[in-house]
Every structure is written in structure tokens, then in C-alpha cells.
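Below is run_15.txt, holding compact mmCIF, C-alpha atoms.
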```
# COMPACT_ATOMS: atom_id res chain seq x y z
CA MET A 1479 -2.54 -11.93 24.73
CA PRO A 1480 -0.30 -14.31 22.79
CA PRO A 1481 3.07 -15.30 24.22
CA LYS A 1482 6.17 -13.67 22.86
CA ARG A 1483 9.79 -14.68 22.59
CA GLY A 1484 12.75 -12.42 22.24
CA ALA A 1485 14.70 -11.64 19.11
CA PRO A 1486 17.84 -9.57 18.82
CA SER A 1487 17.23 -5.97 17.84
CA THR A 1488 17.77 -5.16 14.18
CA SER A 1489 19.28 -1.78 15.02
CA ALA A 1490 23.03 -1.44 14.72
CA SER A 1491 25.28 0.83 16.71
CA ALA A 1492 27.00 3.78 15.04
CA ASN A 1493 30.28 1.90 15.21
CA LYS A 1494 28.80 -1.10 13.40
CA ARG A 1495 27.31 1.10 10.69
CA ALA A 1496 30.65 2.75 10.11
CA ARG A 1497 32.55 -0.43 9.31
CA SER A 1498 32.13 -3.37 6.99
CA LYS A 1499 29.55 -5.95 7.93
CA SER A 1500 30.73 -9.08 9.69
CA PRO A 1501 28.84 -12.34 10.32
CA THR A 1502 27.99 -11.12 13.83
CA ASP A 1503 26.39 -7.84 12.69
CA ASP A 1504 22.60 -7.58 12.67
CA PRO A 1505 21.39 -7.12 9.08
CA PRO A 1506 19.47 -3.91 8.36
CA GLN A 1507 15.69 -4.08 8.40
CA SER A 1508 14.21 -4.66 4.96
CA SER A 1509 12.42 -1.74 3.33
CA ARG A 1510 9.48 -4.11 2.89
CA TRP A 1511 8.57 -3.79 6.55
CA SER A 1512 6.75 -1.02 8.42
CA ALA A 1513 8.48 0.79 11.27
CA VAL A 1514 6.42 -1.20 13.80
CA SER A 1515 5.84 -4.70 12.46
CA GLY A 1516 5.53 -8.20 13.83
CA SER A 1517 6.69 -9.42 10.43
CA ALA A 1518 9.87 -7.37 10.67
CA ASN A 1519 10.64 -8.87 14.08
CA ALA A 1520 10.06 -12.44 12.88
CA ASP A 1521 12.28 -11.79 9.87
CA ALA A 1522 15.03 -10.37 12.09
CA ASP A 1523 14.78 -13.43 14.31
CA TYR A 1524 15.26 -15.72 11.32
CA LYS A 1525 18.27 -13.74 10.15
CA THR A 1526 20.12 -14.56 13.35
CA THR A 1527 20.84 -17.87 11.57
CA TRP A 1528 23.27 -15.93 9.38
CA LYS A 1529 25.62 -15.50 12.33
CA ASN A 1530 26.46 -19.20 12.41
CA PRO A 1531 26.40 -20.43 8.80
CA ASP A 1532 28.18 -23.69 9.55
CA LYS A 1533 25.35 -24.80 11.80
CA SER A 1534 22.55 -23.07 9.90
CA TYR A 1535 23.33 -24.74 6.58
CA SER A 1536 24.00 -28.16 8.07
CA PHE A 1537 21.33 -30.80 7.65
CA VAL A 1538 19.04 -32.56 10.11
CA THR A 1539 16.16 -34.99 9.79
CA ILE A 1540 12.51 -34.22 10.36
CA CYS A 1541 9.44 -36.42 10.52
CA SER A 1542 7.31 -36.48 7.40
CA PRO A 1543 5.37 -33.21 7.09
CA LEU A 1544 2.68 -35.21 5.29
CA ARG A 1545 0.63 -36.42 8.21
CA ASN A 1546 -1.39 -38.99 6.31
CA GLU A 1547 1.83 -40.82 5.52
CA ASP A 1548 2.66 -41.60 9.13
CA ASP A 1549 1.49 -44.41 11.37
CA ASP A 1550 1.14 -42.11 14.35
CA ASP A 1551 -1.39 -39.66 12.95
CA GLU A 1552 -3.44 -39.74 16.15
CA GLU A 1553 -0.63 -38.24 18.13
CA ASP A 1554 -0.17 -35.50 15.52
CA GLU A 1555 -3.67 -34.20 15.89
CA ASP A 1556 -2.86 -32.67 19.24
CA LYS A 1557 -2.22 -28.95 19.03
CA GLU A 1558 0.45 -29.43 21.68
CA ASP A 1559 2.52 -31.27 19.10
CA ASP A 1560 2.29 -28.34 16.70
CA ASP A 1561 3.41 -26.01 19.47
CA LYS A 1562 6.42 -28.20 20.12
CA LYS A 1563 7.34 -28.19 16.45
CA GLU A 1564 7.08 -24.40 16.28
CA ALA A 1565 9.37 -24.12 19.29
CA GLY A 1566 11.93 -26.34 17.61
CA GLU A 1567 11.42 -29.22 20.01
CA GLY A 1568 10.31 -31.75 17.43
CA CYS A 1569 6.85 -32.79 16.35
CA GLY A 1570 5.98 -34.89 19.41
CA ARG A 1571 5.40 -38.11 17.48
CA LYS A 1572 6.49 -41.47 18.70
CA ASN A 1573 10.08 -42.11 17.62
CA CYS A 1574 10.38 -38.49 16.48
CA VAL A 1575 13.52 -37.77 14.42
CA CYS A 1576 13.01 -34.03 14.12
CA LEU A 1577 16.17 -31.90 14.22
CA LYS A 1578 18.47 -34.85 14.76
CA PRO A 1579 21.79 -35.17 12.89
CA VAL A 1580 21.48 -36.90 9.54
CA ASN A 1581 24.10 -39.50 10.44
CA GLU A 1582 21.78 -40.86 13.19
CA ASN A 1583 19.23 -41.84 10.54
CA PRO A 1584 21.14 -41.89 7.24
CA GLU A 1585 18.34 -43.63 5.30
CA HIS A 1586 15.59 -41.27 6.45
CA PRO A 1587 14.30 -39.34 3.40
CA TRP A 1588 13.04 -36.20 5.11
CA VAL A 1589 16.09 -33.97 5.56
CA ILE A 1590 16.32 -30.19 5.86
CA SER A 1591 18.89 -27.59 6.79
CA HIS A 1592 18.58 -25.80 10.13
CA ALA A 1593 18.06 -22.55 8.22
CA GLY A 1594 15.41 -24.07 5.96
CA TYR A 1595 13.48 -25.34 8.97
CA ARG A 1596 13.69 -21.95 10.68
CA LYS A 1597 12.50 -20.32 7.47
CA TYR A 1598 9.47 -22.59 7.46
CA VAL A 1599 8.62 -21.96 11.12
CA THR A 1600 8.89 -18.21 10.52
CA GLN A 1601 6.23 -18.40 7.82
CA ARG A 1602 3.79 -19.85 10.34
CA ILE A 1603 4.24 -16.65 12.35
CA HIS A 1604 3.82 -14.45 9.26
CA LEU A 1605 0.60 -16.23 8.34
CA GLN A 1606 -0.87 -15.92 11.83
CA LEU A 1607 -0.25 -12.16 11.87
CA ARG A 1608 -2.28 -11.80 8.66
CA ASP A 1609 -5.45 -13.54 9.83
CA PRO A 1610 -7.98 -11.12 11.39
CA ASP A 1611 -9.75 -14.04 13.13
CA ASN A 1612 -6.69 -14.40 15.35
CA PHE A 1613 -7.27 -10.85 16.61
CA GLY A 1614 -11.05 -10.94 16.98
CA MET A 1615 -11.46 -8.73 13.92
CA TYR A 1616 -13.30 -8.70 10.61
CA THR A 1617 -11.91 -6.69 7.70
CA TYR A 1618 -13.02 -8.40 4.49
CA ASN A 1619 -13.63 -11.98 3.41
CA ASP A 1620 -10.30 -12.63 1.70
CA HIS A 1621 -7.96 -10.87 4.11
CA ALA A 1622 -6.36 -14.11 5.34
CA ALA A 1623 -6.14 -15.49 1.79
CA TYR A 1624 -4.35 -12.42 0.47
CA GLY A 1625 -2.29 -12.43 3.65
CA GLY A 1626 -1.09 -15.91 2.71
CA LEU A 1627 -0.30 -14.66 -0.77
CA GLU A 1628 1.66 -11.80 0.79
CA VAL A 1629 3.70 -14.42 2.68
CA VAL A 1630 4.45 -16.29 -0.57
CA GLU A 1631 5.46 -13.06 -2.32
CA ASN A 1632 7.84 -12.20 0.52
CA LEU A 1633 9.51 -15.58 0.13
CA LEU A 1634 9.96 -14.97 -3.59
CA LEU A 1635 11.64 -11.67 -2.72
CA ASP A 1636 13.72 -13.39 -0.03
CA TYR A 1637 15.04 -15.76 -2.68
CA ASP A 1638 15.88 -12.92 -5.04
CA GLU A 1639 17.62 -10.89 -2.34
CA ALA A 1640 19.54 -13.93 -1.09
CA THR A 1641 21.52 -14.00 -4.35
CA GLU A 1642 24.23 -11.91 -2.71
CA ARG A 1643 24.51 -14.38 0.17
CA GLY A 1644 25.03 -17.38 -2.07
CA TRP A 1645 23.25 -20.56 -3.03
CA LYS A 1646 23.01 -21.98 0.49
CA GLU A 1647 20.74 -19.18 1.68
CA GLN A 1648 18.70 -19.38 -1.51
CA TRP A 1649 18.34 -23.11 -0.95
CA ALA A 1650 17.14 -22.45 2.61
CA VAL A 1651 14.42 -20.19 1.18
CA CYS A 1652 13.40 -22.95 -1.25
CA GLU A 1653 13.25 -25.44 1.63
CA GLY A 1654 11.15 -23.13 3.79
CA LEU A 1655 8.77 -22.22 0.98
CA GLY A 1656 8.44 -25.86 -0.03
CA LEU A 1657 7.44 -27.02 3.45
CA PHE A 1658 5.12 -24.05 3.85
CA LEU A 1659 3.28 -24.80 0.60
CA LEU A 1660 3.15 -28.50 1.47
CA SER A 1661 1.43 -27.79 4.78
CA PRO A 1662 -2.37 -27.49 5.10
CA MET A 1663 -2.11 -23.95 6.47
CA SER A 1664 -1.00 -22.60 3.08
CA GLY A 1665 -4.26 -23.77 1.52
CA ILE A 1666 -5.81 -20.43 2.46
CA VAL A 1667 -3.90 -18.86 -0.44
CA THR A 1668 -6.00 -20.77 -2.97
CA MET A 1669 -9.14 -19.06 -1.63
CA ALA A 1670 -8.20 -15.56 -2.82
CA ASP A 1671 -10.77 -14.28 -5.31
CA ASP A 1672 -8.17 -13.10 -7.86
CA GLY A 1673 -7.51 -16.54 -9.30
CA GLU A 1674 -5.22 -15.32 -12.07
CA ARG A 1675 -2.96 -13.52 -9.62
CA VAL A 1676 -2.74 -16.66 -7.49
CA ASN A 1677 -2.01 -18.72 -10.59
CA GLU A 1678 0.68 -16.30 -11.68
CA ALA A 1679 2.26 -16.38 -8.23
CA PHE A 1680 2.55 -20.16 -8.32
CA ARG A 1681 3.96 -20.11 -11.84
CA LEU A 1682 6.57 -17.77 -10.40
CA VAL A 1683 7.24 -20.22 -7.57
CA GLY A 1684 7.99 -22.85 -10.21
CA ARG A 1685 10.38 -20.58 -12.09
CA MET A 1686 12.13 -19.67 -8.84
CA PHE A 1687 12.78 -23.31 -8.00
CA LEU A 1688 13.98 -24.09 -11.51
CA ASN A 1689 16.29 -21.08 -11.30
CA MET A 1690 17.69 -22.61 -8.09
CA LEU A 1691 18.25 -25.94 -9.79
CA ALA A 1692 20.01 -24.19 -12.68
CA LYS A 1693 22.35 -22.44 -10.24
CA LEU A 1694 23.14 -25.72 -8.52
CA ASP A 1695 23.58 -27.44 -11.88
CA GLU A 1696 26.12 -24.83 -12.95
CA GLN A 1697 28.21 -25.85 -9.94
CA ASP A 1698 27.70 -29.59 -10.55
CA LEU A 1699 25.60 -29.86 -7.40
CA VAL A 1700 22.61 -31.60 -8.97
CA GLY A 1701 22.94 -35.31 -8.23
CA ASP A 1702 22.64 -37.85 -5.44
CA ALA A 1703 26.15 -37.46 -4.06
CA THR A 1704 26.50 -33.70 -3.68
CA GLU A 1705 26.73 -31.17 -0.90
CA VAL A 1706 22.97 -30.64 -1.14
CA ARG A 1707 21.99 -33.55 1.08
CA ASN A 1708 18.23 -33.21 0.61
CA LEU A 1709 18.09 -32.37 -3.10
CA GLY A 1710 15.93 -35.37 -4.07
CA THR A 1711 13.49 -34.67 -1.24
CA ILE A 1712 12.96 -30.98 -1.99
CA MET A 1713 12.65 -31.67 -5.72
CA ALA A 1714 9.94 -34.20 -4.89
CA VAL A 1715 8.25 -31.66 -2.63
CA TYR A 1716 7.93 -29.14 -5.46
CA ILE A 1717 6.55 -31.83 -7.76
CA LYS A 1718 3.94 -32.70 -5.13
CA ILE A 1719 3.04 -29.04 -4.58
CA ALA A 1720 2.17 -28.65 -8.27
CA SER A 1721 0.07 -31.81 -8.20
CA ASP A 1722 -1.76 -30.72 -5.03
CA LEU A 1723 -2.64 -27.33 -6.55
CA ARG A 1724 -4.20 -28.56 -9.78
CA PRO A 1725 -7.52 -29.71 -8.26
CA TYR A 1726 -8.02 -26.05 -7.27
CA GLY A 1727 -7.62 -24.90 -10.86
CA ILE A 1728 -4.06 -23.68 -10.23
CA LEU A 1729 -1.33 -24.88 -12.58
CA GLU A 1730 -4.19 -26.88 -14.02
CA HIS A 1731 -3.15 -29.98 -15.92
CA ASP A 1732 -4.62 -30.53 -19.39
CA ASP A 1733 -4.60 -34.21 -20.28
CA ASP A 1734 -4.59 -33.24 -23.94
CA GLU A 1735 -1.11 -31.80 -23.48
CA LYS A 1736 0.40 -35.18 -22.72
CA GLY A 1737 3.54 -35.41 -24.80
CA ARG A 1738 4.30 -31.68 -24.60
CA LYS A 1739 7.97 -30.94 -25.26
CA LYS A 1740 8.17 -27.20 -24.77
CA PHE A 1741 8.49 -25.84 -21.24
CA THR A 1742 5.49 -24.02 -19.82
CA PRO A 1743 5.44 -22.59 -16.27
CA GLU A 1744 2.12 -24.31 -15.59
CA HIS A 1745 4.03 -27.57 -15.90
CA TYR A 1746 7.22 -26.58 -14.12
CA ASP A 1747 7.19 -30.01 -12.48
CA ASP A 1748 8.02 -31.53 -15.89
CA ALA A 1749 11.29 -29.60 -15.80
CA VAL A 1750 12.00 -30.62 -12.20
CA LEU A 1751 11.65 -34.25 -13.24
CA SER A 1752 13.86 -33.58 -16.26
CA TYR A 1753 16.65 -32.43 -13.93
CA ALA A 1754 16.19 -35.60 -11.87
CA ASN A 1755 16.29 -37.82 -14.95
CA HIS A 1756 19.22 -36.14 -16.66
CA ARG A 1757 21.36 -35.67 -13.55
CA GLY A 1758 20.58 -38.91 -11.74
CA VAL A 1759 18.70 -37.56 -8.73
CA THR A 1760 16.68 -40.03 -6.68
CA LEU A 1761 13.35 -38.44 -5.80
CA GLN A 1762 12.20 -39.34 -2.30
CA GLY A 1763 10.06 -38.19 0.58
CA PRO A 1764 6.40 -38.24 -0.50
CA LYS A 1765 5.32 -41.87 -0.74
CA ASP A 1766 3.30 -41.22 -3.88
CA ILE A 1767 6.19 -39.65 -5.80
CA ASP A 1768 6.31 -42.51 -8.33
CA ASN A 1769 2.64 -42.04 -9.14
CA LEU A 1770 3.14 -38.28 -9.46
CA THR A 1771 6.09 -38.56 -11.82
CA ALA A 1772 4.24 -41.10 -13.98
CA GLU A 1773 1.94 -38.24 -15.01
CA LEU A 1774 4.81 -35.97 -16.06
CA ASN A 1775 6.98 -35.59 -19.14
CA GLY A 1776 10.41 -35.34 -17.61
CA ASP A 1777 12.20 -36.85 -20.59
CA ASN A 1778 10.92 -34.30 -23.07
CA VAL A 1779 11.66 -30.95 -21.42
CA LYS A 1780 14.99 -29.52 -22.47
CA LEU A 1781 17.14 -28.14 -19.66
CA VAL A 1782 18.74 -24.72 -19.88
CA LYS A 1783 22.45 -24.66 -20.63
CA LYS A 1784 24.82 -24.41 -17.71
CA GLY A 1785 25.84 -20.82 -17.20
CA ALA A 1786 22.78 -19.40 -18.96
CA LYS A 1787 22.41 -15.71 -18.14
CA HIS A 1788 18.71 -15.82 -17.30
CA PRO A 1789 17.82 -19.43 -16.49
CA TRP A 1790 14.12 -20.17 -16.74
CA SER A 1791 13.36 -16.42 -17.14
CA TRP A 1792 12.98 -16.10 -13.36
CA LYS A 1793 14.01 -12.45 -13.12
CA PHE A 1794 11.94 -11.39 -16.09
CA ALA A 1795 8.87 -13.12 -14.67
CA LEU A 1796 9.43 -11.58 -11.22
CA THR A 1797 9.69 -8.11 -12.74
CA LYS A 1798 6.52 -8.64 -14.77
CA TYR A 1799 4.61 -9.93 -11.75
CA THR A 1800 5.76 -6.95 -9.65
CA GLN A 1801 4.72 -4.47 -12.33
CA ARG A 1802 1.30 -6.06 -12.60
CA HIS A 1803 0.53 -6.51 -8.91
CA GLY A 1804 2.92 -4.20 -7.08
CA ASN A 1805 0.77 -1.10 -6.65
CA ARG A 1806 -2.53 -1.74 -4.97
CA THR A 1807 -4.81 -0.52 -2.23
CA ILE A 1808 -5.84 -3.13 0.30
CA MET A 1809 -9.57 -3.77 -0.06
CA THR A 1810 -10.39 -2.28 3.32
CA GLY A 1811 -9.13 1.06 2.01
CA LYS A 1812 -7.08 1.37 5.18
CA LYS A 1813 -3.68 0.41 3.82
CA LYS A 1814 -1.82 1.04 0.61
CA SER A 1815 0.86 -1.31 -0.64
CA THR A 1816 3.73 -0.45 -2.95
CA GLY A 1817 5.52 -3.44 -4.44
CA ILE A 1818 4.69 -7.06 -3.84
CA GLY A 1819 4.99 -8.77 -0.48
CA GLY A 1820 5.53 -6.50 2.50
CA ASP A 1821 3.35 -6.34 5.61
CA ALA A 1822 0.27 -4.31 4.66
CA LEU A 1823 -1.96 -7.21 5.76
CA ASP A 1824 -0.06 -7.84 9.01
CA ILE A 1825 -2.50 -6.69 11.70
CA THR A 1826 0.34 -5.53 13.96
CA THR A 1827 1.24 -2.83 11.41
CA TRP A 1828 -2.22 -1.27 11.50
CA SER A 1829 -2.94 1.77 13.63
CA SER A 1830 -4.85 1.31 16.86
CA ALA A 1831 -7.81 3.18 15.35
CA GLN A 1832 -7.89 0.83 12.36
CA ARG A 1833 -7.80 -2.25 14.58
CA LYS A 1834 -10.56 -0.86 16.82
CA GLU A 1835 -12.81 -0.14 13.85
CA ALA A 1836 -12.48 -3.75 12.61
CA SER A 1837 -12.63 -5.36 16.07
CA PHE A 1838 -15.76 -7.23 17.12
CA ASN A 1839 -15.80 -5.42 20.48
CA LYS A 1840 -14.47 -2.12 19.08
CA LYS A 1841 -11.40 -2.37 21.30
CA ASP A 1842 -7.81 -2.65 20.13
CA PRO A 1843 -6.87 -6.36 20.38
CA LEU A 1844 -3.30 -5.26 21.08
CA GLY A 1845 -2.70 -3.68 24.45
CA LYS A 1846 0.09 -1.32 25.40
CA ARG A 1847 2.21 -4.22 26.60
CA GLU A 1848 1.99 -6.02 23.25
CA ILE A 1849 2.58 -2.88 21.20
CA ASP A 1850 5.60 -1.93 23.31
CA ALA A 1851 7.00 -5.45 22.92
CA ILE A 1852 6.69 -5.27 19.15
CA LYS A 1853 8.39 -1.87 19.13
CA GLN A 1854 11.22 -3.43 21.14
CA GLY A 1855 11.75 -6.08 18.47
CA LEU A 1856 10.19 -9.05 20.25
CA VAL A 1857 8.65 -11.80 18.15
CA PHE A 1858 4.87 -11.87 18.41
CA GLN A 1859 3.42 -15.38 18.38
CA LEU A 1860 -0.14 -16.53 18.84
CA GLY A 1861 -0.82 -19.12 21.52
```
Transcribe the structure of this file into C-alpha cells.
Amino acid sequence: MPPKRGAPSTSASANKRARSKSPTDDPPQSSRWSAVSGSANADADYKTTWKNPDKSYSFVTICSPLRNEDDDDEEDEDKEDDDKKEAGEGCGRKNCVCLKPVNENPEHPWVISHAGYRKYVTQRIHLQLRDPDNFGMYTYNDHAAYGGLEVVENLLLDYDEATERGWKEQWAVCEGLGLFLLSPMSGIVTMADDGERVNEAFRLVGRMFLNMLAKLDEQDLVGDATEVRNLGTIMAVYIKIASDLRPYGILEHDDDEKGRKKFTPEHYDDAVLSYANHRGVTLQGPKDIDNLTAELNGDNVKLVKKGAKHPWSWKFALTKYTQRHGNRTIMTGKKKSTGIGGDALDITTWSSAQRKEASFNKKDPLGKREIDAIKQGLVFQLG
């Protein structure tokens, strides 16, 4: 079965529960997760970054995540390179700059925080756990697609819950989500048969990122010379995400709306460009960013006032989305889901009988060793 790597247990001793939390305490397991869950373990592993915020929120370089923009594409095709990147060893390309201090390559545009990179890598694990093909199972046609949507919803909830930890953790969520949506693996989300739900989810992604920019703007952190070292890159990433989605009928662009002045969530990238234009942010990273922004109306979208109580209606939209999609029965009829996100589509949360029924050979793809490891809090990764 797939290799596993250890993660600290999320359980706390009685002494730790009795006193105030400190940076070295393990955070409690989210109510989104099942009692036995590969997703819960991966999430707990990510949260170990909270114990060393100085390192976690410092910035490093990475090679371009857009493979067609590099000269060494041939080397990137090897799965071994992907495995190295998942393990945090770099991408394996010639002259790789992954996870190196920014001051070693100060002009390199692709920069990310340690926490943001870990957040991204964690989503690869979450996505793998929600694909029945990886377990030799068939459930229903769109399981993996809705599994990807479940991953996106969890990240939206991560951002909302990170409010209490401050803007740096929220920014790490934005970084991780941005890289995840930029990567080819996230394309499975667009294949879900409920197109309106997918569209609504991505409109919510746009509002989330604009809410982040509003929070940074309130603290005068939107600009080229601020503490947010990769602001121009991540803003460009979210512009590219919107552009990449439109050919699939998501956030679809209507050429007749050229010259629009009022904000609409389908065109959240207009507002991202407006922040860049009004606050002097240099957009960088994707090589086609100039072509992408030429199609937008960044000068016409009015920004929210600094200190606005509900910038970009993020919370209202999240509540509405949750009310509409939060109570559902998974199409197999085997699992019920309350609230958005969670781990109902994570195969490791299913009972052995459910996995056997969906398995091609009618055997549980998880043996006792794997199940015990998950119960112990180990991170379950596919080889």
C-alpha cells in the first residue's frame, strides 16, 4: 500500500487542555473531520507549521508552477520530480530554486511562504484520498470531481477560520489555494455535473481573495514594498485562475460587458487588477499576465473603503453558499454530509464494508496496517 509519513498526534494531554494554548500545543481536530480520517491527519500535519511562525511565514522561491513556461519541461515530466516536490525537496529541474531563501534570487518572481507551500502540498494529499481510482474502487462517475470541490470548500473554510490567527495564516491559505487551482490536478473540479454549484464555488473563491486584499489594504500592506513579499505574484495567479476557468463555462466572460463598472463576482479579476492599479502593485509570475490584464477593466471597478465591515460581501456569500449546499447525501447513498467541505468523499473515512462493496475485487483496499496507521495519526500518501 502507499507509503506513509508521520505527523504529530492531534490529541492533547489533560494538562494541556487545562491551560491556555501556547504555540507548541497541538490544535484540536476540526469538527469537519471524521474520527478516523486521512484528511484529518494531513490537516494536523500542516498545522505543525503554527509552532514556528517565524519560519512558516517567511518567504522562499519556487520554480514556476506553470510547466509550459519553463525551458526544462522535459525534466518535469518525470513523476520522480513530482515526488520530490511533494516531499519538499524541490521540483528536480535543472537550476531548481525551490525552497531557497528569497535573497539568493531576489529578482525571481515566484515566491511563496513556507506555510503557503505546505498548504499547497497538503491539498495534493486531500485530492488523492478522494479519488476512488487510487483505491481500485468505483463509486460513481463524479466522485473525484466532487472530491476536488470538497477540497476547495475546505480551503474556503480554512480561510474563514484563520481569521483568529491573523492575516499571515489567511495569506498562507490564499497562497496554497492559488497554487492548487493553478495546477492541472485541480481541473477535475470543473468536471462535476452540478455546473452552477461549481460556478458559485469559484465566485466565492474570488470574494475570498478580494476580502484578503481588503484586509491587507486596511493595514497599508498592498503595494510593492510591503511585508507581503509575493503580493504581485499571488494577485497575478488569481487573475490567471479566472482566465483559465472561463473556457469551461466557469466565471464565463461576456465580451458585451466590456466597459462594465460595477463589480460582479464573475469578474472578480477586474477588482484584483483595480487593487494593483490603485495601489501600485507590479503583477508578475505568469508570463502572459500583460495579455490577461489587457482583457480586464481594472480602472473602472471601485474598491471598498478601508475598514469596511463586510468587504466584498465574503461572509454573506459564504453563508449563502453553505445554506444552499451544506446538507446533502453523497450520491452513493453511503455517506451523508452536513455543512460544506469535510471528508465525506475521503475514502479513508468509509467503513470497510463500504470500501469492499465499491472495490473491483470486493476486498478492502486498506489493510489492517494502513487502518491502524491512520488511527494513529500518520499521514496517508499514495505512491
Looking at all atoms listed in the file, which of A:Ile1825, A:Cys1652, A:Leu1633, A:Ala1831 is the one that sits closest to Asp1521 of chain A?
->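 Of the candidates, the smallest distance to Asp1521 of chain A is held by A:Leu1633.
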Excluding His1621 of chain A and residues on its chain fewer than 5 positions from it, collect all residues at most 8 Å away from it, counting only C-alpha atoms, and give them as a VMD selection string.
-> chain A and resid 1608 to 1610 1823
Could you make a table, as CSV, of the residues of segment 1564-1606 of chain A that have an atom within 12 Å of an atom of segment 1846-1857 of chain A, each with its nearest atom pair and distance in Å to one decimal, counting all atoms listed in the file, in chain and number order?
```
residue,atom,partner,partner_atom,distance
A:Thr1600,CA,A:Val1857,CA,10.0
A:Ile1603,CA,A:Val1857,CA,8.8
A:His1604,CA,A:Val1857,CA,10.5
```
Please identify all polymer residues within 9 Å of Val1779 of chain A, counting only C-alpha atoms, omitting same-chain residues fewer than 5 positions from it, and present them as a PDB file with C-alpha atoms, in the coordinates of the input.
```pdb
ATOM      1  CA  ARG A1738       4.300 -31.680 -24.600  1.00  0.00           C
ATOM      2  CA  LYS A1739       7.970 -30.940 -25.260  1.00  0.00           C
ATOM      3  CA  LYS A1740       8.170 -27.200 -24.770  1.00  0.00           C
ATOM      4  CA  PHE A1741       8.490 -25.840 -21.240  1.00  0.00           C
ATOM      5  CA  ASP A1748       8.020 -31.530 -15.890  1.00  0.00           C
ATOM      6  CA  ALA A1749      11.290 -29.600 -15.800  1.00  0.00           C
ATOM      7  CA  LEU A1751      11.650 -34.250 -13.240  1.00  0.00           C
ATOM      8  CA  SER A1752      13.860 -33.580 -16.260  1.00  0.00           C
TER       9      SER A1752
END
```
Pick out the residues sitting within 10 Å of Leu1694 of chain A, and hand them over as a ChimeraX atom specification; count all atoms listed in the file, and ignore anything fewer than 4 positions along from it in its own chain.
-> /A:1645-1646,1649,1688-1690,1698-1701,1704,1706,1709,1784
Residue nearest Leu1761 of chain A among A:Met1615, A:Val1715, A:Ala1623, A:Val1575 (counting all atoms listed in the file) |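 Checking each of A:Met1615, A:Val1715, A:Ala1623, A:Val1575 against Leu1761 of chain A, counting all atoms listed in the file, the winner is A:Val1715.
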Which is closer to Ala1720 of chain A than all the others in A:Gly1785, A:Gly1819, A:Gly1845, A:Gly1684, using all atoms listed in the file?
-> A:Gly1684
Which of these, A:Gly1656, A:Glu1647, A:Pro1843, A:Pro1505, has the shortest distance to Ser1830 of chain A once you count all atoms listed in the file?
->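 Smallest separation from Ser1830 of chain A among the options: A:Pro1843.
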